[in-house]
file model_9.txt (compact mmCIF, C-alpha atoms)
# COMPACT_ATOMS: atom_id res chain seq x y z
CA MET N 1 -3.07 -9.89 -24.53
CA ALA N 2 -3.41 -11.80 -21.40
CA SER N 3 -0.54 -14.21 -21.54
CA LEU N 4 2.20 -13.96 -18.97
CA THR N 5 4.85 -14.50 -21.61
CA THR N 6 4.32 -11.12 -23.23
CA LYS N 7 7.12 -8.65 -22.96
CA PRO N 8 5.60 -6.32 -20.34
CA ALA N 9 4.85 -9.27 -18.09
CA LEU N 10 8.42 -10.47 -18.35
CA VAL N 11 9.68 -6.98 -17.59
CA THR N 12 7.57 -7.07 -14.43
CA LEU N 13 9.07 -10.47 -13.59
CA ARG N 14 12.58 -9.08 -13.83
CA GLN N 15 11.62 -6.08 -11.70
CA LEU N 16 10.08 -8.38 -9.09
CA LEU N 17 13.17 -10.58 -8.97
CA SER N 18 15.47 -7.58 -8.68
CA GLU N 19 13.42 -6.22 -5.80
CA LEU N 20 13.34 -9.60 -4.07
CA ARG N 21 17.09 -9.90 -4.49
CA LYS N 22 17.59 -6.58 -2.74
CA GLN N 23 15.32 -7.45 0.15
CA SER N 24 15.69 -11.18 0.66
CA SER N 25 17.95 -12.44 3.41
CA ALA N 26 18.63 -15.79 1.74
CA LYS N 27 22.02 -16.23 0.12
CA LYS N 28 20.73 -17.84 -3.02
CA LEU N 29 17.76 -16.22 -4.63
CA SER N 30 16.26 -19.57 -5.58
CA ASP N 31 16.02 -20.46 -1.87
CA ASN N 32 13.51 -17.68 -1.30
CA GLN N 33 9.97 -19.04 -1.02
CA MET N 34 8.47 -16.00 -2.75
CA VAL N 35 10.77 -16.40 -5.76
CA GLN N 36 9.75 -20.03 -6.11
CA TYR N 37 6.11 -19.06 -5.84
CA VAL N 38 6.41 -16.26 -8.39
CA PHE N 39 8.03 -18.63 -10.87
CA SER N 40 5.40 -21.29 -10.32
CA GLN N 41 2.64 -18.73 -10.86
CA TYR N 42 4.28 -17.39 -13.99
CA ARG N 43 4.52 -20.94 -15.33
CA LYS N 44 0.97 -21.75 -14.34
CA TYR N 45 -0.49 -18.73 -16.09
CA GLN N 46 1.79 -18.98 -19.07
CA THR N 47 -1.03 -19.41 -21.54
CA THR N 48 -3.49 -16.99 -20.06
CA ASP N 49 -3.68 -15.08 -16.82
CA GLN N 50 -7.44 -14.70 -16.91
CA GLN N 51 -9.10 -16.50 -14.06
CA LEU N 52 -12.57 -15.09 -14.27
CA CYS N 53 -12.63 -14.46 -18.00
CA LYS N 54 -13.57 -10.86 -17.47
CA ALA N 55 -10.51 -9.09 -16.19
CA ALA N 56 -7.67 -8.93 -18.63
CA ASP N 57 -4.18 -8.93 -17.23
CA GLU N 58 -5.32 -10.18 -13.85
CA MET N 59 -2.14 -11.91 -12.74
CA HIS N 60 0.08 -9.37 -14.43
CA TYR N 61 -1.73 -6.61 -12.57
CA ARG N 62 -1.11 -8.45 -9.32
CA ALA N 63 2.57 -8.88 -10.14
CA LYS N 64 2.85 -5.17 -10.89
CA THR N 65 1.06 -4.25 -7.67
CA TYR N 66 3.37 -6.47 -5.67
CA PHE N 67 6.38 -4.93 -7.34
CA ASP N 68 5.03 -1.43 -6.60
CA TYR N 69 4.56 -2.39 -2.98
CA MET N 70 8.05 -3.73 -2.47
CA HIS N 71 9.73 -1.01 -4.48
CA HIS N 72 8.04 1.87 -2.69
CA ILE N 73 8.51 0.42 0.77
CA ARG N 74 12.22 0.19 0.05
CA LYS N 75 12.29 3.70 -1.36
CA TYR N 76 10.44 5.02 1.67
CA LYS N 77 12.93 3.39 4.02
CA GLU N 78 15.86 4.74 2.05
CA ILE N 79 14.60 8.32 2.04
CA ASN N 80 13.71 8.03 5.68
CA THR N 81 17.16 6.84 6.75
CA GLU N 82 18.83 9.44 4.56
CA PHE N 83 16.97 12.42 5.96
CA LYS N 84 16.04 11.24 9.41
CA GLY N 85 16.85 13.78 12.12
CA LYS N 86 19.61 12.82 14.50
CA GLY N 87 17.94 14.55 17.41
CA GLU N 88 19.20 17.61 19.28
CA ARG N 89 22.82 18.71 19.27
CA SER N 90 24.64 18.26 22.54
CA VAL N 91 25.90 21.29 24.50
CA GLU N 92 29.45 20.42 23.46
CA ASP N 93 28.58 20.31 19.75
CA THR N 94 26.80 23.62 19.95
CA ALA N 95 29.75 25.19 21.74
CA ARG N 96 32.13 23.84 19.12
CA MET N 97 29.99 25.27 16.34
CA VAL N 98 30.52 28.81 17.57
CA GLY N 99 34.16 28.22 18.41
CA PHE N 100 33.94 27.74 22.17
CA LYS N 101 35.18 24.95 24.35
CA LEU N 102 33.56 23.63 27.47
CA PRO N 103 35.64 23.66 30.63
CA HIS N 104 37.18 20.21 31.10
CA ASP N 105 35.95 19.53 34.61
CA PRO N 106 32.96 21.69 35.20
CA LYS N 107 32.47 22.04 38.95
CA PRO N 108 28.94 22.03 40.14
CA MET O 1 4.57 11.75 39.10
CA SER O 2 2.04 9.70 37.20
CA VAL O 3 0.39 12.91 35.98
CA ILE O 4 3.70 14.06 34.51
CA THR O 5 4.28 10.76 32.76
CA THR O 6 0.79 10.78 31.27
CA VAL O 7 1.28 14.37 30.09
CA ALA O 8 4.65 13.47 28.59
CA ARG O 9 3.08 10.49 26.89
CA GLU O 10 0.29 12.67 25.52
CA ILE O 11 2.83 15.12 24.08
CA LEU O 12 4.81 12.29 22.50
CA ARG O 13 1.68 10.82 21.04
CA SER O 14 0.44 14.08 19.58
CA ARG O 15 3.84 14.64 18.03
CA CYS O 16 3.69 11.20 16.48
CA THR O 17 0.46 11.82 14.64
CA ASN O 18 1.52 15.23 13.43
CA CYS O 19 4.80 14.33 11.89
CA LEU O 20 5.52 10.82 10.86
CA LEU O 21 9.16 11.66 10.24
CA TYR O 22 10.15 11.98 13.86
CA ARG O 23 8.06 9.15 15.07
CA THR O 24 9.76 7.33 17.87
CA TYR O 25 8.65 3.78 18.41
CA ALA O 26 10.22 0.85 20.16
CA THR O 27 12.10 -1.25 17.66
CA ARG O 28 12.87 -4.88 18.04
CA LYS O 29 15.87 -6.63 16.62
CA ARG O 30 15.37 -9.34 14.08
CA PHE O 31 15.18 -12.50 16.18
CA TYR O 32 14.65 -15.07 13.44
CA ARG O 33 16.58 -16.32 10.45
CA ASN O 34 14.13 -17.78 8.00
CA THR O 35 10.50 -17.13 7.30
CA GLY O 36 8.05 -19.52 5.74
CA ILE O 37 4.42 -20.48 5.52
CA VAL O 38 2.39 -23.51 6.59
CA GLN O 39 -1.06 -24.60 5.58
CA ASN O 40 -3.62 -24.97 8.32
CA ASP O 41 -6.88 -26.49 7.05
CA SER O 42 -7.84 -24.15 4.23
CA LYS O 43 -5.94 -21.21 5.68
CA TRP O 44 -2.31 -20.22 5.80
CA GLU O 45 0.03 -19.29 8.61
CA VAL O 46 3.34 -17.47 8.57
CA THR O 47 6.30 -18.92 10.46
CA LEU O 48 9.43 -17.17 11.71
CA ASP O 49 11.91 -20.03 12.11
CA HIS O 50 9.74 -22.49 14.04
CA ARG O 51 7.52 -19.89 15.72
CA ARG O 52 4.12 -18.94 14.44
CA LEU O 53 3.48 -15.29 13.67
CA LYS O 54 0.81 -13.85 15.95
CA THR O 55 -1.33 -10.75 15.95
CA PRO O 56 -0.90 -8.08 18.67
CA ASN O 57 -3.89 -9.59 20.50
CA GLY O 58 -2.11 -12.92 20.66
CA SER O 59 -4.11 -15.01 18.24
CA VAL O 60 -2.36 -16.81 15.40
CA LEU O 61 -2.18 -14.84 12.15
CA LEU O 62 -4.34 -16.79 9.71
CA VAL O 63 -4.88 -15.61 6.15
CA ASN O 64 -7.15 -17.00 3.49
CA SER O 65 -4.90 -16.94 0.51
CA GLU O 66 -1.51 -18.44 -0.18
CA PRO O 67 0.02 -15.51 -2.11
CA LEU O 68 -0.87 -13.14 0.72
CA ALA O 69 0.74 -15.42 3.31
CA ARG O 70 3.82 -15.67 1.13
CA ALA O 71 3.97 -11.92 0.71
CA ILE O 72 3.77 -11.45 4.48
CA ALA O 73 6.57 -13.98 4.96
CA ALA O 74 8.65 -12.13 2.36
CA GLU O 75 7.90 -8.88 4.15
CA TRP O 76 9.25 -10.23 7.43
CA ASP O 77 12.20 -11.64 5.53
CA ALA O 78 12.95 -8.18 4.13
CA GLN O 79 13.64 -6.73 7.60
CA SER O 80 17.35 -6.28 8.05
CA GLU O 81 18.59 -5.61 11.58
CA ALA O 82 15.62 -4.06 13.27
CA ILE O 83 12.01 -4.93 12.56
CA SER O 84 10.34 -1.76 11.35
CA GLN O 85 6.70 -2.53 11.81
CA PRO O 86 5.30 0.79 10.54
CA THR O 87 6.42 -0.13 7.04
CA MET O 88 4.84 -3.59 7.08
CA HIS O 89 1.44 -2.71 5.72
CA LEU O 90 0.40 -6.21 4.67
CA THR O 91 1.00 -7.58 8.15
CA ALA O 92 -0.75 -4.58 9.67
CA LEU O 93 -3.80 -4.97 7.42
CA CYS O 94 -4.16 -8.67 8.24
CA ASN O 95 -3.64 -7.96 11.95
CA THR O 96 -6.35 -5.32 11.94
CA ALA O 97 -8.75 -7.57 10.09
CA LEU O 98 -8.22 -10.38 12.62
CA ASP O 99 -8.06 -8.38 15.84
CA ASN O 100 -10.56 -5.73 14.80
CA PRO O 101 -9.48 -3.20 17.43
CA GLY O 102 -12.25 -0.76 16.46
CA LYS O 103 -14.93 -3.46 16.96
CA LEU O 104 -16.32 -2.60 13.53
CA THR O 105 -18.65 -4.60 11.36
CA SER O 106 -18.72 -4.70 7.57
CA HIS O 107 -21.75 -2.43 7.65
CA ASP O 108 -19.88 0.18 9.71
CA ILE O 109 -17.08 0.31 7.17
CA VAL O 110 -19.49 0.53 4.24
CA THR O 111 -21.39 3.38 5.92
CA TYR O 112 -18.10 5.15 6.56
CA LEU O 113 -17.05 4.76 2.93
CA LEU O 114 -20.42 5.99 1.65
CA GLU O 115 -20.18 9.05 3.88
CA TYR O 116 -16.67 9.61 2.57
CA PHE O 117 -17.88 9.45 -1.00
CA PRO O 118 -19.24 13.02 -1.56
CA THR O 119 -15.94 14.46 -0.31
CA ASP O 120 -13.95 12.53 -2.91
CA THR O 121 -10.90 14.43 -4.21
CA LEU O 122 -12.00 13.90 -7.79
CA LEU O 123 -15.22 15.82 -7.24
CA PHE O 124 -13.52 19.08 -6.29
CA TYR O 125 -12.06 21.03 -9.17
CA ASN O 126 -9.85 24.01 -8.64
CA GLU O 127 -11.58 27.26 -9.50
CA GLU O 128 -8.79 29.77 -9.15
CA GLU O 129 -6.11 28.58 -11.53
CA ARG O 130 -7.19 27.96 -15.09
CA GLU O 131 -4.17 25.88 -15.98
CA LEU O 132 -4.68 23.52 -13.06
CA ARG O 133 -8.38 23.27 -13.82
CA ILE O 134 -7.63 22.22 -17.40
CA LEU O 135 -5.13 19.65 -16.14
CA GLN O 136 -7.66 18.27 -13.65
CA GLU O 137 -10.35 18.00 -16.31
CA LYS O 138 -7.93 16.22 -18.60
CA LYS O 139 -6.69 13.73 -16.00
CA TRP O 140 -9.69 13.23 -13.71
CA GLY O 141 -12.38 13.41 -16.39
CA PRO O 142 -11.73 9.97 -17.91
CA ILE O 143 -11.78 8.32 -14.48
CA LEU O 144 -15.02 10.03 -13.52
CA ASN O 145 -16.54 8.94 -16.84
CA TRP O 146 -15.30 5.41 -16.29
CA PHE O 147 -16.87 5.40 -12.84
CA GLN O 148 -20.23 6.62 -14.13
CA LYS O 149 -20.24 4.11 -16.95
CA THR O 150 -19.12 1.10 -14.93
CA PHE O 151 -21.52 1.61 -12.07
CA ASP O 152 -24.25 3.08 -14.25
CA VAL O 153 -24.69 6.17 -12.09
CA THR O 154 -24.45 9.91 -12.54
CA GLN O 155 -22.34 11.94 -10.21
CA ASP O 156 -22.05 15.73 -10.25
CA VAL O 157 -18.88 17.51 -9.31
CA SER O 158 -18.79 20.14 -6.63
CA SER O 159 -19.11 23.83 -7.21
CA GLY O 160 -17.64 25.82 -4.35
CA PHE O 161 -17.10 24.37 -0.91
CA GLU O 162 -20.26 22.33 -0.63
CA PRO O 163 -19.88 18.61 -1.27
CA PRO O 164 -21.92 17.63 -4.33
CA PRO O 165 -25.22 15.80 -3.78
CA MET O 166 -25.20 12.02 -3.97
CA HIS O 167 -28.21 10.26 -5.41
CA THR O 168 -29.95 7.56 -3.41
CA GLU O 169 -29.50 5.09 -6.27
CA THR O 170 -25.75 5.74 -6.31
CA ARG O 171 -25.67 5.02 -2.59
CA ALA O 172 -27.60 1.81 -3.03
CA ILE O 173 -25.47 0.59 -5.94
CA LEU O 174 -22.21 1.32 -4.13
CA ALA O 175 -23.46 -0.24 -0.89
CA ARG O 176 -24.40 -3.43 -2.74
CA TYR O 177 -21.04 -3.48 -4.50
CA LEU O 178 -19.03 -2.93 -1.32
CA LEU O 179 -20.98 -5.36 0.85
CA ALA O 180 -19.98 -8.18 -1.51
CA PHE O 181 -16.42 -7.95 -0.14
CA ASP O 182 -15.44 -9.75 3.04
CA PHE O 183 -14.34 -7.93 6.18
CA ALA O 184 -10.59 -8.12 5.53
CA ALA O 185 -11.05 -6.69 2.05
CA LEU O 186 -13.33 -3.90 3.28
CA ASN O 187 -10.81 -3.00 5.95
CA ALA O 188 -8.14 -2.83 3.24
CA ILE O 189 -10.39 -0.73 1.01
CA SER O 190 -10.92 1.83 3.73
CA PHE O 191 -7.14 1.90 4.32
CA GLY O 192 -6.59 2.54 0.62
CA VAL O 193 -9.33 5.17 0.45
CA GLU O 194 -7.77 7.03 3.36
CA ALA O 195 -4.41 7.01 1.61
CA LEU O 196 -5.85 8.25 -1.70
CA LYS O 197 -8.54 10.45 -0.15
CA SER O 198 -10.73 9.22 -2.96
CA PRO O 199 -13.12 6.24 -3.08
CA ILE O 200 -13.47 6.61 -6.87
CA LEU O 201 -9.74 6.15 -7.44
CA MET O 202 -9.78 3.14 -5.12
CA LEU O 203 -12.67 1.59 -7.06
CA ALA O 204 -10.76 2.20 -10.29
CA CYS O 205 -7.78 0.36 -8.79
CA ILE O 206 -9.90 -2.54 -7.57
CA ASN O 207 -11.32 -2.93 -11.08
CA ARG O 208 -7.82 -2.71 -12.54
CA ARG O 209 -8.57 0.48 -14.43
CA LEU O 210 -5.59 2.21 -12.79
CA GLU O 211 -2.33 1.03 -11.34
CA PRO O 212 -1.43 2.12 -7.80
CA LYS O 213 1.25 4.48 -9.10
CA GLU O 214 -1.17 6.21 -11.48
CA ALA O 215 -3.87 6.45 -8.82
CA VAL O 216 -1.48 8.11 -6.38
CA MET O 217 -0.39 10.47 -9.13
CA LEU O 218 -4.02 11.50 -9.73
CA ALA O 219 -4.68 11.86 -6.02
CA ARG O 220 -1.68 14.18 -5.72
CA LEU O 221 -2.44 16.05 -8.92
CA GLU O 222 -2.52 19.51 -7.42
CA GLU O 223 0.66 18.84 -5.48
CA GLU O 224 2.37 17.61 -8.63
CA TYR O 225 1.22 20.71 -10.48
CA GLN O 226 2.70 22.96 -7.81
CA LEU O 227 5.87 20.87 -7.73
CA SER O 228 6.41 21.40 -11.42
CA ARG O 229 6.48 25.11 -10.68
CA TRP O 230 8.20 25.32 -7.31
CA GLY O 231 10.49 22.29 -7.24
CA ARG O 232 10.60 18.94 -5.54
CA VAL O 233 11.84 18.20 -2.06
CA PRO O 234 12.76 14.55 -1.67
CA TRP O 235 12.21 14.29 2.07
CA ALA O 236 8.70 15.65 1.81
CA HIS O 237 7.20 14.97 -1.59
CA GLU O 238 8.96 11.80 -2.59
CA LEU O 239 8.66 10.31 0.85
CA ASN O 240 4.95 11.02 0.80
CA GLN O 241 4.57 9.60 -2.69
CA ALA O 242 6.44 6.41 -1.80
CA GLU O 243 4.43 5.97 1.36
CA LEU O 244 1.06 6.47 -0.36
CA THR O 245 1.91 4.14 -3.23
CA ALA O 246 3.02 1.44 -0.82
CA ARG O 247 -0.19 1.83 1.16
CA VAL O 248 -2.42 1.64 -1.89
CA ALA O 249 -0.53 -1.31 -3.34
CA ALA O 250 -0.74 -3.16 -0.02
CA SER O 251 -4.48 -2.62 0.27
CA LEU O 252 -4.97 -3.74 -3.34
CA LEU O 253 -3.00 -6.93 -2.75
CA VAL O 254 -5.22 -7.75 0.21
CA VAL O 255 -8.41 -6.96 -1.73
CA HIS O 256 -7.43 -8.95 -4.80
CA CYS O 257 -6.10 -11.91 -2.84
CA SER O 258 -9.14 -12.20 -0.60
CA SER O 259 -11.67 -11.91 -3.40
CA GLU O 260 -10.07 -14.38 -5.75
CA ILE O 261 -11.87 -17.54 -6.67
CA HIS O 262 -9.78 -20.66 -6.75
CA THR O 263 -10.25 -22.68 -9.87
CA SER O 264 -8.60 -26.01 -10.35
CA LYS O 265 -8.68 -25.97 -14.11
CA VAL O 266 -5.33 -25.11 -15.61
CA LYS O 267 -5.14 -24.33 -19.29
CA SER O 268 -2.18 -25.94 -20.95
CA SER O 269 -0.06 -24.04 -23.39
CA PRO O 270 -0.33 -24.77 -27.13
CA GLN O 271 3.08 -26.44 -27.26
CA GLN O 272 2.14 -28.85 -24.49
CA GLU O 273 -1.05 -29.76 -26.28
CA ILE O 274 0.88 -30.62 -29.43
CA THR O 275 3.27 -32.91 -27.61
CA GLN O 276 0.51 -34.74 -25.76
call {"tool": "encode", "arguments": {"input": "model_9.txt", "output": "structure tokens"}}
result
Amino acid sequence: MASLTTKPALVTLRQLLSELRKQSSAKKLSDNQMVQYVFSQYRKYQTTDQQLCKAADEMHYRAKTYFDYMHHIRKYKEINTEFKGKGERSVEDTARMVGFKLPHDPKP
Amino acid sequence: MSVITTVAREILRSRCTNCLLYRTYATRKRFYRNTGIVQNDSKWEVTLDHRRLKTPNGSVLLVNSEPLARAIAAEWDAQSEAISQPTMHLTALCNTALDNPGKLTSHDIVTYLLEYFPTDTLLFYNEEERELRILQEKKWGPILNWFQKTFDVTQDVSSGFEPPPMHTETRAILARYLLAFDFAALNAISFGVEALKSPILMLACINRRLEPKEAVMLARLEEEYQLSRWGRVPWAHELNQAELTARVAASLLVVHCSSEIHTSKVKSSPQQEITQ
């Protein structure tokens, strides 16, 4: 089972494309150089993805690894932006939290 | 004055290493529109618009393989408004391999990895909780067996706090295996080993026995076991999991791309043969 036209390999292709769509800055997905390259590689290794005749699933493994990389970097960024601390509260915010107001023109 | 600034810098730096979450680093805005690659002799360069991507030391970023160069270009393309360099592991790995800030040689890295080996996560079973121990034997056992069979070595697991002994033959076999990789790949391997805390899991990934996701799962087995009992916190556990998986996947991409052998023979598919 080393062909890149098997179902799991095509699932990986769809995952890769979806991830590239989310991250690419190009308007059309087909303009992205990585998309073109992925397609060319998938076509090239259509019959078999074995280059060294010892590792099965060589290119599919690489495609999966690349997908993992992109997917988890995106996930990491998302979690990070969601939970990132906003820094310390200002004096005014703290005062408002307990129901106080700061004097409007504090004199030194 | 300068003393105060150095002290302040020290504090900031120590805080950075302790908690990655509150890391403050200078960010740059995205200053380019398109990214691409160009071929330079037998190597590849990454371009941002018309500029060439350079390493922090100022030399041009040259990589050996086309897919890696393309992946780096895609990585720069994936930056939205600000360039967040800490999440660009492929670029960082290639930069480190080219600049070599630690002035290391391949032998240094191999020695480091061999010293790391007896403290491998997979060699330390839990002795207090029976349930966890059974889980570890079930999940880690096959990988340990695979390792012993593939490399034709025997490796004991630890009992207690002492790291288990490592045979001289094991050392020799692993050293020979690792020295066959080039410097960029070795650098990536040590990056992956540090993420997984386990050379055996990294070797299993390099030989395609495990996928990065599975390897990270095995490396975090105890954590996962505790999570199943005490609950998951997304900003700690999931963040950590995502980060580790990305690191391992990045190092694997570099290893596999740099050790590939280019063959010009393309097998044609059966349909094409019939039409010809």
call {"tool": "closest_residue", "arguments": {"input": "model_9.txt", "among": "O:Pro212, O:Ala188, O:Glu45, O:Tyr225", "to": "Ile134 of chain O", "atoms": "only C-alpha atoms"}}
result
O:Tyr225
call {"tool": "atom_distance", "arguments": {"input": "model_9.txt", "atom1": "atom CA of Ala92 of chain O", "atom2": "atom CA of Phe39 of chain N"}}
result
26.4 Å
call {"tool": "atom_distance", "arguments": {"input": "model_9.txt", "atom1": "atom CA of Asn40 of chain O", "atom2": "atom CA of Leu62 of chain O"}}
result
8.3 Å
call {"tool": "closest_residue", "arguments": {"input": "model_9.txt", "among": "N:Ala26, N:Val98, N:Leu17, N:Ala9", "to": "Gln46 of chain N", "atoms": "all atoms listed in the file"}}
result
N:Ala9
call {"tool": "closest_residue", "arguments": {"input": "model_9.txt", "among": "N:Lys22, N:Lys28, N:Arg89, N:Arg96", "to": "chain O", "atoms": "all atoms listed in the file"}}
result
N:Lys22
call {"tool": "build_atoms", "arguments": {"input": "model_9.txt", "residues": "segment 75-84 of chain N", "atoms": "all heavy atoms", "output": "compact mmCIF listing (two decimals), keeping the file's coordinate frame"}}
result
# COMPACT_ATOMS: atom_id res chain seq x y z
N LYS N 75 11.97 2.31 -1.10
CA LYS N 75 12.29 3.70 -1.36
C LYS N 75 11.98 4.56 -0.12
O LYS N 75 12.77 5.42 0.27
CB LYS N 75 11.44 4.17 -2.54
CG LYS N 75 12.01 5.35 -3.27
CD LYS N 75 11.26 5.55 -4.57
CE LYS N 75 11.25 7.01 -4.94
NZ LYS N 75 10.24 7.31 -5.95
N TYR N 76 10.84 4.28 0.47
CA TYR N 76 10.44 5.02 1.67
C TYR N 76 11.48 4.87 2.76
O TYR N 76 11.90 5.84 3.39
CB TYR N 76 9.08 4.48 2.15
CG TYR N 76 8.61 5.07 3.45
CD1 TYR N 76 8.03 6.33 3.49
CD2 TYR N 76 8.76 4.37 4.64
CE1 TYR N 76 7.60 6.87 4.68
CE2 TYR N 76 8.33 4.91 5.84
CZ TYR N 76 7.76 6.15 5.85
OH TYR N 76 7.34 6.69 7.03
N LYS N 77 11.93 3.62 2.98
CA LYS N 77 12.93 3.39 4.02
C LYS N 77 14.22 4.12 3.71
O LYS N 77 14.85 4.69 4.59
CB LYS N 77 13.20 1.89 4.15
CG LYS N 77 12.17 1.14 4.95
CD LYS N 77 12.63 -0.27 5.09
CE LYS N 77 11.58 -1.13 5.73
NZ LYS N 77 11.88 -2.55 5.51
N GLU N 78 14.61 4.09 2.43
CA GLU N 78 15.86 4.74 2.05
C GLU N 78 15.80 6.24 2.30
O GLU N 78 16.72 6.81 2.90
CB GLU N 78 16.16 4.47 0.57
CG GLU N 78 16.81 3.12 0.34
CD GLU N 78 16.94 2.81 -1.13
OE1 GLU N 78 16.72 3.71 -1.97
OE2 GLU N 78 17.27 1.65 -1.43
N ILE N 79 14.72 6.87 1.84
CA ILE N 79 14.60 8.32 2.04
C ILE N 79 14.56 8.63 3.52
O ILE N 79 15.19 9.57 4.00
CB ILE N 79 13.32 8.86 1.35
CG1 ILE N 79 13.35 8.57 -0.14
CG2 ILE N 79 13.20 10.35 1.56
CD1 ILE N 79 12.07 8.92 -0.84
N ASN N 80 13.85 7.78 4.25
CA ASN N 80 13.71 8.03 5.68
C ASN N 80 15.06 7.95 6.39
O ASN N 80 15.38 8.82 7.20
CB ASN N 80 12.75 7.00 6.27
CG ASN N 80 11.98 7.57 7.43
OD1 ASN N 80 12.31 8.66 7.90
ND2 ASN N 80 10.99 6.87 7.89
N THR N 81 15.86 6.93 6.07
CA THR N 81 17.16 6.84 6.75
C THR N 81 18.08 7.96 6.31
O THR N 81 18.90 8.43 7.08
CB THR N 81 17.84 5.49 6.50
OG1 THR N 81 17.65 5.15 5.14
CG2 THR N 81 17.28 4.41 7.37
N GLU N 82 17.93 8.39 5.04
CA GLU N 82 18.83 9.44 4.56
C GLU N 82 18.57 10.77 5.27
O GLU N 82 19.49 11.48 5.63
CB GLU N 82 18.67 9.60 3.05
CG GLU N 82 19.73 10.50 2.46
CD GLU N 82 19.57 10.67 0.97
OE1 GLU N 82 18.83 9.88 0.36
OE2 GLU N 82 20.17 11.61 0.44
N PHE N 83 17.30 11.08 5.46
CA PHE N 83 16.97 12.42 5.96
C PHE N 83 16.52 12.44 7.41
O PHE N 83 16.12 13.48 7.91
CB PHE N 83 15.87 13.04 5.09
CG PHE N 83 16.33 13.35 3.71
CD1 PHE N 83 16.02 12.51 2.65
CD2 PHE N 83 17.10 14.47 3.46
CE1 PHE N 83 16.46 12.78 1.37
CE2 PHE N 83 17.53 14.75 2.19
CZ PHE N 83 17.21 13.92 1.15
N LYS N 84 16.57 11.30 8.05
CA LYS N 84 16.04 11.24 9.41
C LYS N 84 16.86 12.16 10.33
O LYS N 84 18.09 12.19 10.23
CB LYS N 84 16.12 9.81 9.92
CG LYS N 84 15.31 9.55 11.15
CD LYS N 84 15.28 8.06 11.39
CE LYS N 84 14.29 7.68 12.47
NZ LYS N 84 14.63 8.12 13.79
